[in-house]
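Structure file work_24.cif (mmCIF, C-alpha atoms) is printed below.
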data_start
#
loop_
_atom_site.label_atom_id
_atom_site.label_comp_id
_atom_site.auth_asym_id
_atom_site.auth_seq_id
_atom_site.Cartn_x
_atom_site.Cartn_y
_atom_site.Cartn_z
CA MET A 1 -7.63 -10.63 43.33
CA ILE A 2 -6.03 -13.43 41.34
CA GLU A 3 -9.45 -14.67 40.20
CA ASP A 4 -10.36 -11.16 39.00
CA ARG A 5 -7.18 -10.97 36.94
CA ILE A 6 -7.89 -14.38 35.43
CA LYS A 7 -11.40 -13.22 34.43
CA ILE A 8 -9.96 -10.08 32.82
CA LEU A 9 -7.41 -12.11 30.86
CA ARG A 10 -10.13 -14.53 29.70
CA ARG A 11 -12.33 -11.67 28.50
CA ALA A 12 -9.36 -10.12 26.67
CA ALA A 13 -8.59 -13.46 25.02
CA GLN A 14 -12.21 -13.82 23.92
CA VAL A 15 -12.25 -10.34 22.40
CA SER A 16 -8.92 -10.97 20.67
CA SER A 17 -10.20 -14.27 19.29
CA ARG A 18 -13.35 -12.64 17.92
CA GLU A 19 -11.28 -9.91 16.25
CA ASN A 20 -8.91 -12.44 14.72
CA ASN A 21 -11.83 -14.46 13.38
CA ALA A 22 -13.60 -11.42 11.92
CA GLN A 23 -14.01 -11.68 8.15
CA VAL A 24 -12.24 -9.02 6.09
CA TRP A 25 -11.43 -8.51 2.43
CA CYS A 26 -8.04 -7.73 0.96
CA ILE A 27 -6.74 -6.52 -2.39
CA ILE A 28 -3.12 -7.46 -3.20
CA THR A 29 -1.20 -6.19 -6.22
CA GLY A 30 2.26 -7.04 -7.46
CA ASN A 31 4.22 -8.96 -10.05
CA GLU A 32 3.22 -12.45 -11.14
CA LYS A 33 5.76 -14.23 -8.94
CA LEU A 34 4.57 -12.43 -5.81
CA ILE A 35 0.90 -13.13 -6.51
CA ASP A 36 1.69 -16.80 -7.24
CA ASP A 37 3.27 -17.00 -3.76
CA ILE A 38 0.36 -15.29 -1.97
CA ALA A 39 -2.22 -17.36 -3.88
CA TYR A 40 -0.41 -20.59 -2.96
CA ASN A 41 -0.38 -19.63 0.72
CA ALA A 42 -4.08 -18.75 0.54
CA ILE A 43 -4.90 -22.12 -1.05
CA THR A 44 -3.00 -24.01 1.65
CA ALA A 45 -5.07 -22.17 4.28
CA LYS A 46 -8.39 -22.47 2.46
CA ASP A 47 -10.28 -23.14 5.71
CA ARG A 48 -9.31 -19.63 6.86
CA VAL A 49 -9.11 -17.61 3.65
CA GLN A 50 -10.54 -17.84 0.14
CA ILE A 51 -9.56 -16.34 -3.18
CA ILE A 52 -12.41 -14.21 -4.55
CA PHE A 53 -10.67 -13.55 -7.86
CA ARG A 54 -7.30 -13.17 -9.53
CA GLU A 55 -6.76 -11.05 -12.61
CA SER A 56 -3.78 -10.20 -14.82
CA ILE A 57 -3.81 -6.49 -15.66
CA LYS A 58 -2.11 -4.54 -18.44
CA LEU A 59 -2.06 -0.74 -18.13
CA LEU A 60 -1.29 1.15 -21.32
CA ASP A 61 0.02 4.68 -21.67
CA LYS A 62 1.54 6.50 -24.62
CA TYR A 63 4.82 4.58 -24.61
CA THR A 64 4.61 1.62 -22.25
CA ALA A 65 2.53 -1.38 -21.19
CA LYS A 66 2.78 -2.25 -17.51
CA ARG A 67 1.78 -5.74 -16.41
CA PHE A 68 0.87 -6.88 -12.92
CA ASP A 69 -1.51 -9.23 -11.13
CA CYS A 70 -4.35 -8.38 -8.77
CA LEU A 71 -5.69 -10.78 -6.12
CA MET A 72 -8.79 -10.37 -3.96
CA LEU A 73 -9.07 -12.40 -0.77
CA LYS A 74 -11.63 -12.85 1.99
CA GLY A 75 -10.85 -14.49 5.31
CA GLU A 76 -10.01 -14.28 8.98
CA SER A 77 -8.38 -10.97 9.83
CA LEU A 78 -5.39 -12.67 11.49
CA LYS A 79 -4.66 -14.80 8.41
CA ILE A 80 -5.17 -11.82 6.10
CA SER A 81 -2.67 -9.88 8.22
CA GLU A 82 -0.15 -12.71 7.81
CA LEU A 83 -0.58 -12.65 4.04
CA ARG A 84 -0.32 -8.85 3.95
CA ASN A 85 2.95 -9.03 5.89
CA ARG A 86 4.26 -11.62 3.45
CA CYS A 87 3.17 -9.36 0.59
CA ALA A 88 5.00 -6.35 2.08
CA GLU A 89 8.17 -8.37 2.68
CA ASN A 90 8.22 -9.35 -0.99
CA GLY A 91 7.52 -5.92 -2.45
CA GLY A 92 3.77 -6.04 -3.10
CA ALA A 93 0.99 -3.65 -2.12
CA SER A 94 -2.14 -4.52 -0.18
CA ILE A 95 -5.31 -2.88 1.09
CA GLU A 96 -7.59 -4.34 3.77
CA ILE A 97 -11.33 -3.70 3.67
CA THR A 98 -13.41 -4.39 6.78
CA GLN A 99 -17.11 -4.95 7.37
CA VAL A 100 -17.23 -1.39 8.74
CA HIS A 101 -16.02 -0.07 5.38
CA ILE A 102 -18.62 -2.07 3.48
CA GLN A 103 -21.52 -1.19 5.77
CA THR A 104 -20.86 2.48 6.50
CA VAL A 105 -18.66 4.05 3.82
CA PRO A 106 -20.32 5.08 0.53
CA ASN A 107 -19.17 4.34 -3.02
CA LEU A 108 -15.95 2.43 -2.40
CA LEU A 109 -13.47 2.08 -5.25
CA VAL A 110 -10.05 0.43 -5.38
CA LEU A 111 -7.70 2.05 -7.89
CA VAL A 112 -4.28 0.81 -9.04
CA GLY A 113 -1.74 2.62 -11.18
CA ASP A 114 1.69 4.20 -11.35
CA GLU A 115 2.47 7.27 -9.29
CA GLU A 116 2.25 9.80 -12.12
CA SER A 117 -1.16 8.50 -13.20
CA MET A 118 -2.38 8.71 -9.61
CA LYS A 119 -1.24 12.33 -9.39
CA GLY A 120 -3.06 13.12 -12.62
CA PHE A 121 -6.22 11.42 -11.36
CA SER A 122 -6.10 13.34 -8.08
CA GLY A 123 -5.60 16.66 -9.85
CA GLU A 124 -8.44 16.04 -12.30
CA THR A 125 -10.94 15.08 -9.58
CA GLU A 126 -10.12 18.36 -7.83
CA ARG A 127 -10.58 20.33 -11.06
CA GLN A 128 -13.93 18.61 -11.65
CA LYS A 129 -14.91 19.29 -8.01
CA THR A 130 -15.70 15.62 -7.39
CA LYS A 131 -15.11 14.89 -3.71
CA VAL A 132 -13.01 11.78 -3.22
CA ASN A 133 -11.66 10.64 0.15
CA ILE A 134 -8.57 8.40 0.22
CA LEU A 135 -9.13 5.87 3.03
CA ALA A 136 -6.01 3.72 2.60
CA GLU A 137 -3.04 3.39 0.26
CA ASP A 138 -0.01 1.21 -0.29
CA HIS A 139 2.84 1.02 -2.81
CA THR A 140 4.81 -1.77 -4.42
CA THR A 141 8.57 -1.89 -3.94
CA SER A 142 9.37 -4.83 -6.23
CA PHE A 143 9.70 -4.66 -10.01
CA ILE A 144 6.59 -4.60 -12.19
CA LYS A 145 6.99 -5.90 -15.74
CA ALA A 146 7.03 -3.05 -18.27
CA GLU A 147 7.44 -3.22 -22.01
CA LEU A 148 7.15 -0.99 -25.04
CA ASN A 149 3.57 -0.33 -26.10
CA THR A 150 2.91 -2.56 -29.13
CA LYS A 151 1.02 0.30 -30.83
CA ILE A 152 4.31 2.14 -31.28
CA LYS A 153 5.78 1.22 -34.65
CA LEU A 154 9.55 0.82 -34.54
CA PRO A 155 12.09 -1.14 -36.58
CA SER A 156 12.73 -4.50 -34.93
CA PHE A 157 16.41 -3.72 -34.18
CA LEU A 158 15.39 -0.51 -32.38
CA ARG A 159 12.58 -2.24 -30.47
CA ASN A 160 15.04 -4.94 -29.36
CA THR A 161 17.38 -2.22 -28.10
CA VAL A 162 14.71 -0.26 -26.22
CA THR A 163 12.76 -3.14 -24.64
CA PRO A 164 15.51 -4.22 -22.15
CA LEU A 165 15.59 -0.67 -20.82
CA PHE A 166 11.95 -1.00 -19.77
CA ASP A 167 12.69 -4.34 -18.13
CA MET A 168 15.35 -2.67 -15.98
CA SER A 169 13.18 0.29 -15.00
CA ASP A 170 11.71 0.40 -11.50
CA ILE A 171 7.94 0.79 -11.96
CA VAL A 172 6.13 1.53 -8.68
CA LEU A 173 2.40 0.90 -8.42
CA SER A 174 0.10 2.64 -5.98
CA THR A 175 -3.03 0.92 -4.70
CA ILE A 176 -5.63 3.13 -3.03
CA LEU A 177 -9.05 2.67 -1.43
CA VAL A 178 -11.28 5.69 -2.05
CA SER A 179 -14.79 6.77 -1.18
CA VAL A 180 -16.69 8.96 -3.61
CA VAL A 181 -18.64 11.29 -1.34
CA GLU A 182 -21.57 11.99 -3.68
CA GLU A 183 -23.41 9.13 -5.38
CA LYS A 184 -23.92 11.27 -8.50
CA ASP A 185 -20.14 11.61 -8.96
CA ILE A 186 -19.19 7.94 -8.95
CA GLU A 187 -19.48 7.39 -12.72
CA GLU A 188 -17.48 10.57 -13.36
CA VAL A 189 -14.73 9.36 -11.01
CA LYS A 190 -14.66 6.00 -12.79
CA LEU A 191 -14.33 7.78 -16.13
CA ILE A 192 -11.48 9.98 -14.84
CA SER A 193 -9.64 6.90 -13.54
CA GLN A 194 -10.00 5.21 -16.94
CA ASN A 195 -8.74 8.32 -18.75
CA PHE A 196 -5.57 8.20 -16.63
CA GLY A 197 -5.04 4.50 -17.31
CA LEU A 198 -5.86 3.25 -13.80
CA PHE A 199 -7.24 -0.18 -13.00
CA GLY A 200 -10.48 0.32 -11.08
CA LEU A 201 -12.67 -1.92 -8.96
CA ASP A 202 -16.16 -1.07 -7.69
CA LEU A 203 -15.79 -2.80 -4.35
CA LYS A 204 -19.36 -3.27 -3.17
CA LYS A 205 -20.54 -4.41 -6.60
CA THR A 206 -17.65 -6.86 -6.88
CA ILE A 207 -18.34 -8.34 -3.44
CA GLN A 208 -22.05 -8.64 -4.14
CA ASP A 209 -21.43 -10.30 -7.53
CA LYS A 210 -18.82 -12.74 -6.20
CA GLU A 211 -20.81 -13.76 -3.12
CA LYS A 212 -24.16 -14.45 -4.80
#
With the file now loaded, output its structure as structure tokens.
Amino acid sequence: MIEDRIKILRRAAQVSSRENNAQVWCIITGNEKLIDDIAYNAITAKDRVQIIFRESIKLLDKYTAKRFDCLMLKGESLKISELRNRCAENGGASIEITQVHIQTVPNLLVLVGDEESMKGFSGETERQKTKVNILAEDHTTSFIKAELNTKIKLPSFLRNTVTPLFDMSDIVLSTILVSVVEEKDIEEVKLISQNFGLFGLDLKKTIQDKEK
């Protein structure tokens, strides 16, 4: 009886170890300080996780420019989970993408933007009858840098008065993983996301390009 239990525990440990060592991808978004912290922790664990890319993004709308950083990682699922927890504790957003997603789910896109832009994107895809499935989503809780759009012409004294108000505003970013059901609709969905000022990432293409 005891030997049987030991065998069961060993098998469970082997399965757990395989799951923890499985390679997954992760997209993390947040302010520059947060991404600096996550990137540093990834570099110090480079035998378990690697940085695929890091990019500084500026989203423009009629009045504002919102700045944030985006980080893509690949590594052991256990280490990625640790970094995602660290991200959540410090107000960032993260999405995990597994091998199952890559191999079985069509036309994967990662989209990042503020809540109002996301609502507009969702409404427009419905109006255009483009079928989009949201597979995962997360939201930032820390401050994202926002400033007055430089295209707006204002006297310097007025710009200096208005700009601090943007710095104090709480800008929340949403990060979502979506699947475009029909292959023919993917370019239309990309165009809609651009029209609503979202940052978009064609996941499979990005992974293929970065891993060549």
Can you turn the PyMOL selection byres ((chain A and resi 109-125) around 8) into a concrete residue list for this file, as a short mmCIF file (atom, residue, chain, number, x, y, z; two decimals) with C-alpha atoms, in the frame of the given file?
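Heads up, here's the output in result.cif:
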data_model
loop_
_atom_site.label_atom_id
_atom_site.label_comp_id
_atom_site.auth_asym_id
_atom_site.auth_seq_id
_atom_site.Cartn_x
_atom_site.Cartn_y
_atom_site.Cartn_z
CA LEU A 59 -2.06 -0.74 -18.13
CA ASN A 107 -19.17 4.34 -3.02
CA LEU A 108 -15.95 2.43 -2.40
CA GLU A 126 -10.12 18.36 -7.83
CA ARG A 127 -10.58 20.33 -11.06
CA GLN A 128 -13.93 18.61 -11.65
CA LYS A 129 -14.91 19.29 -8.01
CA THR A 130 -15.70 15.62 -7.39
CA LYS A 131 -15.11 14.89 -3.71
CA VAL A 132 -13.01 11.78 -3.22
CA ILE A 171 7.94 0.79 -11.96
CA VAL A 172 6.13 1.53 -8.68
CA LEU A 173 2.40 0.90 -8.42
CA SER A 174 0.10 2.64 -5.98
CA THR A 175 -3.03 0.92 -4.70
CA ILE A 176 -5.63 3.13 -3.03
CA LEU A 177 -9.05 2.67 -1.43
CA VAL A 178 -11.28 5.69 -2.05
CA SER A 179 -14.79 6.77 -1.18
CA VAL A 180 -16.69 8.96 -3.61
CA VAL A 189 -14.73 9.36 -11.01
CA ILE A 192 -11.48 9.98 -14.84
CA SER A 193 -9.64 6.90 -13.54
CA PHE A 196 -5.57 8.20 -16.63
CA GLY A 197 -5.04 4.50 -17.31
CA LEU A 198 -5.86 3.25 -13.80
CA PHE A 199 -7.24 -0.18 -13.00
CA GLY A 200 -10.48 0.32 -11.08
CA LEU A 201 -12.67 -1.92 -8.96
CA ASP A 202 -16.16 -1.07 -7.69
CA LEU A 203 -15.79 -2.80 -4.35
#
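One distance worth recording is that between atom CA of A:Asp36 and atom CA of A:Ile134, which is 28.2 Å.
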Give as JSON, numbers by chain the set of residues within 12 Å of the point (-13.7, -21.0, -0.4), where distances use the file's coordinates and all atoms listed in the file.
{"A": [42, 43, 44, 45, 46, 47, 48, 49, 50, 51, 52, 53, 73, 74, 75, 210, 211]}
Show me, as JSON, the centre and edge lengths in Å to one decimal of the axis-aligned box that covers every listed atom of stretch 100-115 of chain A with 4 Å on each side.
{"center_x": -9.5, "center_y": 2.6, "center_z": -1.3, "size_x": 32.0, "size_y": 17.3, "size_z": 28.1}
With only C-alpha atoms as the atoms that count, which of A:Glu55, A:Asp37, A:Glu82, A:Glu76 lies nearest to A:Gln99?
A:Glu76
Choose the residue, out of A:Gly91, A:Thr98, A:Lys205, A:Gly30, that has the smallest atom-to-atom separation from A:Cys70; count all atoms listed in the file.
A:Gly30
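Candidate residues A:Leu71, A:Leu34, A:Val181, A:Ala65 were compared for distance to A:Val105, and the nearest is A:Val181, using all atoms listed in the file.
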Given only C-alpha atoms, how would the per-residue table for stretch 36-133 of chain A near stretch 137-141 of chain A read, listing every residue at most 7 Å away with its closest atom pair and distance in Å to one decimal, sorted by chain and number, as a Markdown table?
| residue | atom | partner | partner_atom | distance |
| --- | --- | --- | --- | --- |
| A:Gly91 | CA | A:Thr141 | CA | 4.4 |
| A:Gly92 | CA | A:Thr140 | CA | 4.6 |
| A:Ala93 | CA | A:Thr140 | CA | 4.8 |
| A:Ser94 | CA | A:Asp138 | CA | 6.1 |
| A:Ile95 | CA | A:Glu137 | CA | 6.7 |
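The residue that comes closest to A:Ile27, out of A:Lys190, A:Lys79, A:Arg84, A:His101 and on the basis of all atoms listed in the file, is A:Arg84.
Atom CA of A:Asn31 sits 5.4 Å away from atom CA of A:Ile144.
The coordinates place atom CA of A:Gln23 at 5.9 Å from atom CA of A:Ser77.
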For a quick check of understanding, using all atoms listed in the file, which of A:Ser81, A:Thr206, A:Thr104, A:Ser56 has the smallest distance to A:Ala22?
A:Ser81
